[in-house]
Amino acid sequence: MAGISGFESYKPRSKTARIMLAALTVGGIGLFIVLYVFYYGPIYPLTTWAPKQPIPFSHLVHAGDNGINCQYCHTYARRSEMAGVPSVSTCMNCHRNLKTESPLIVKVTEYFEEQKPIKWIRVYHLPDIVWFSHKRHIAKDIACQKCHGPVQTFEVQKKVMNHKMTFCLSCHQKNGASTDCWTCHT
């Protein structure tokens, strides 16, 4: 033991031990990187995930150009946890008389006459462990754009906001809302 000092006493003595130590170090760094990306990275690339909908609905035309309030179509937002998607009859409230010759409106009319719902593809998803109520947020006059981005400017609905826990917590802190875990995780 006379020739061994400080750091040298902790060096692996065999080649196998050195290889194992290097593998564990590289594996640990790799695991850290994977977990970091998993936690902070978006589930879908932002601004690029815009599912192809059965009918290419334009929020730009409806909410932007025509100024239709979000809650006219998403009627459940102020009354329940889910905002819901508009029923075909909601579309027909206007399109019985407006742009009836448009191929897209003809398609909507077919859904209406066959009494079939339009199968819209959901753009925003929250994990099952999160409880979110649109009703609570609407009651506090929080604009839809706060969580969904400037929807009234979208020709095609796309995911532009990353609903991670930090997004929600920072908004709750800024607005004096509860940050107790049970507020959202019930």
# chains A, B, ... in the order shown; residues from 1 in each chain; ligands from 1
call {"tool": "select_by_dssp", "arguments": {"residues": "stretch 12-173 of chain A", "states": "alpha helix (DSSP H)", "output": "MDAnalysis selection string"}}
result
chainID A and resid 15:40 59 70:73 88:95 103:113 134:139 144:148 165:173
call {"tool": "residues_around", "arguments": {"residues": "A:Lys119", "least_positions_apart": "3", "cutoff": "12 Å", "atoms": "only C-alpha atoms", "output": "PyMOL selection string"}}
result
chain A and resi 52-56+84-88+108+111+116+122
call {"tool": "write_last_selection", "arguments": {"atoms": "N, CA, C and O atoms", "output": "PDB file, in the first residue's frame"}}
result
ATOM      1  N   LYS A  52     -55.172  16.108 -39.881  1.00  0.00           N
ATOM      2  CA  LYS A  52     -56.093  16.324 -41.008  1.00  0.00           C
ATOM      3  C   LYS A  52     -57.497  16.023 -40.509  1.00  0.00           C
ATOM      4  O   LYS A  52     -57.803  14.918 -40.082  1.00  0.00           O
ATOM      5  N   GLN A  53     -58.337  17.038 -40.540  1.00  0.00           N
ATOM      6  CA  GLN A  53     -59.702  16.909 -40.033  1.00  0.00           C
ATOM      7  C   GLN A  53     -60.630  16.416 -41.149  1.00  0.00           C
ATOM      8  O   GLN A  53     -60.319  16.563 -42.332  1.00  0.00           O
ATOM      9  N   PRO A  54     -61.764  15.809 -40.798  1.00  0.00           N
ATOM     10  CA  PRO A  54     -62.689  15.316 -41.827  1.00  0.00           C
ATOM     11  C   PRO A  54     -63.211  16.425 -42.741  1.00  0.00           C
ATOM     12  O   PRO A  54     -63.504  16.194 -43.902  1.00  0.00           O
ATOM     13  N   ILE A  55     -63.330  17.639 -42.179  1.00  0.00           N
ATOM     14  CA  ILE A  55     -63.704  18.817 -42.959  1.00  0.00           C
ATOM     15  C   ILE A  55     -62.713  19.906 -42.586  1.00  0.00           C
ATOM     16  O   ILE A  55     -62.523  20.179 -41.401  1.00  0.00           O
ATOM     17  N   PRO A  56     -62.036  20.501 -43.558  1.00  0.00           N
ATOM     18  CA  PRO A  56     -61.040  21.533 -43.226  1.00  0.00           C
ATOM     19  C   PRO A  56     -61.700  22.816 -42.701  1.00  0.00           C
ATOM     20  O   PRO A  56     -62.045  23.705 -43.467  1.00  0.00           O
ATOM     21  N   GLY A  84     -65.926  20.515 -25.567  1.00  0.00           N
ATOM     22  CA  GLY A  84     -66.731  19.821 -26.558  1.00  0.00           C
ATOM     23  C   GLY A  84     -66.490  20.338 -27.960  1.00  0.00           C
ATOM     24  O   GLY A  84     -65.936  21.408 -28.163  1.00  0.00           O
ATOM     25  N   VAL A  85     -66.890  19.545 -28.918  1.00  0.00           N
ATOM     26  CA  VAL A  85     -66.800  19.964 -30.314  1.00  0.00           C
ATOM     27  C   VAL A  85     -68.208  20.296 -30.779  1.00  0.00           C
ATOM     28  O   VAL A  85     -69.183  19.726 -30.279  1.00  0.00           O
ATOM     29  N   PRO A  86     -68.335  21.213 -31.701  1.00  0.00           N
ATOM     30  CA  PRO A  86     -69.674  21.622 -32.133  1.00  0.00           C
ATOM     31  C   PRO A  86     -70.444  20.479 -32.792  1.00  0.00           C
ATOM     32  O   PRO A  86     -69.862  19.670 -33.518  1.00  0.00           O
ATOM     33  N   SER A  87     -71.723  20.432 -32.533  1.00  0.00           N
ATOM     34  CA  SER A  87     -72.569  19.464 -33.230  1.00  0.00           C
ATOM     35  C   SER A  87     -72.801  19.991 -34.645  1.00  0.00           C
ATOM     36  O   SER A  87     -72.635  21.180 -34.914  1.00  0.00           O
ATOM     37  N   VAL A  88     -73.197  19.110 -35.516  1.00  0.00           N
ATOM     38  CA  VAL A  88     -73.455  19.504 -36.899  1.00  0.00           C
ATOM     39  C   VAL A  88     -74.609  20.507 -36.943  1.00  0.00           C
ATOM     40  O   VAL A  88     -74.608  21.424 -37.766  1.00  0.00           O
ATOM     41  N   VAL A 108     -71.014  19.156 -45.014  1.00  0.00           N
ATOM     42  CA  VAL A 108     -71.575  19.355 -43.675  1.00  0.00           C
ATOM     43  C   VAL A 108     -73.079  19.069 -43.700  1.00  0.00           C
ATOM     44  O   VAL A 108     -73.615  18.411 -42.796  1.00  0.00           O
ATOM     45  N   TYR A 111     -73.761  15.370 -43.588  1.00  0.00           N
ATOM     46  CA  TYR A 111     -73.659  14.863 -42.210  1.00  0.00           C
ATOM     47  C   TYR A 111     -74.954  15.167 -41.446  1.00  0.00           C
ATOM     48  O   TYR A 111     -75.483  14.329 -40.728  1.00  0.00           O
ATOM     49  N   LYS A 116     -75.401  12.229 -38.660  1.00  0.00           N
ATOM     50  CA  LYS A 116     -74.109  11.667 -38.251  1.00  0.00           C
ATOM     51  C   LYS A 116     -73.239  12.793 -37.705  1.00  0.00           C
ATOM     52  O   LYS A 116     -73.216  13.890 -38.271  1.00  0.00           O
ATOM     53  N   ARG A 122     -59.095  15.343 -32.066  1.00  0.00           N
ATOM     54  CA  ARG A 122     -58.695  16.203 -30.954  1.00  0.00           C
ATOM     55  C   ARG A 122     -57.246  16.647 -31.130  1.00  0.00           C
ATOM     56  O   ARG A 122     -56.378  15.854 -31.468  1.00  0.00           O
TER      57      ARG A 122
END
call {"tool": "atom_distance", "arguments": {"atom1": "atom CA of A:Ile19", "atom2": "atom CA of A:Phe32"}}
result
19.9 Å
call {"tool": "residues_around", "arguments": {"residues": "A:Trp131", "least_positions_apart": "2", "cutoff": "10 Å", "atoms": "only C-alpha atoms", "output": "PDB file with C-alpha atoms, in the first residue's frame"}}
result
ATOM      1  CA  GLU A  81     -65.209  20.399 -17.776  1.00  0.00           C
ATOM      2  CA  LEU A 126     -53.834  16.091 -21.180  1.00  0.00           C
ATOM      3  CA  PRO A 127     -52.549  13.079 -19.242  1.00  0.00           C
ATOM      4  CA  ASP A 128     -55.167  10.985 -17.437  1.00  0.00           C
ATOM      5  CA  ILE A 129     -53.781  12.104 -14.070  1.00  0.00           C
ATOM      6  CA  SER A 133     -62.237  22.173 -16.084  1.00  0.00           C
ATOM      7  CA  TRP A 182     -55.205  18.229  -5.491  1.00  0.00           C
ATOM      8  CA  THR A 183     -56.437  21.197  -7.503  1.00  0.00           C
ATOM      9  CA  CYS A 184     -55.505  19.440 -10.746  1.00  0.00           C
ATOM     10  CA  HIS A 185     -54.601  15.895  -9.683  1.00  0.00           C
ATOM     11  CA  THR A 186     -57.746  14.310  -8.238  1.00  0.00           C
TER      12      THR A 186
END
call {"tool": "residues_around", "arguments": {"residues": "stretch 179-181 of chain A", "least_positions_apart": "5", "cutoff": "12 Å", "atoms": "only C-alpha atoms", "output": "ChimeraX atom specification"}}
result
/A:129-131,165-166,168-174,186
call {"tool": "write_last_selection", "arguments": {"atoms": "C-alpha atoms", "output": "compact mmCIF listing (two decimals), in the first residue's frame"}}
result
# COMPACT_ATOMS: atom_id res chain seq x y z
CA ILE A 129 -53.78 12.10 -14.07
CA VAL A 130 -54.77 15.71 -14.77
CA TRP A 131 -58.25 17.05 -14.10
CA MET A 165 -47.18 21.15 -15.54
CA THR A 166 -44.85 24.18 -15.51
CA CYS A 168 -50.17 25.53 -15.72
CA LEU A 169 -48.31 26.23 -12.46
CA SER A 170 -46.83 29.49 -13.72
CA CYS A 171 -50.29 30.67 -14.79
CA HIS A 172 -51.81 29.65 -11.45
CA GLN A 173 -49.05 31.49 -9.57
CA LYS A 174 -49.37 34.60 -11.72
CA THR A 186 -57.75 14.31 -8.24
call {"tool": "atom_distance", "arguments": {"atom1": "atom CA of A:Cys147", "atom2": "atom CA of A:Trp120"}}
result
19.4 Å
call {"tool": "closest_residue", "arguments": {"among": "A:His95, A:Lys164, A:Arg136, A:Lys146", "to": "A:Ala177", "atoms": "only C-alpha atoms"}}
result
A:Arg136
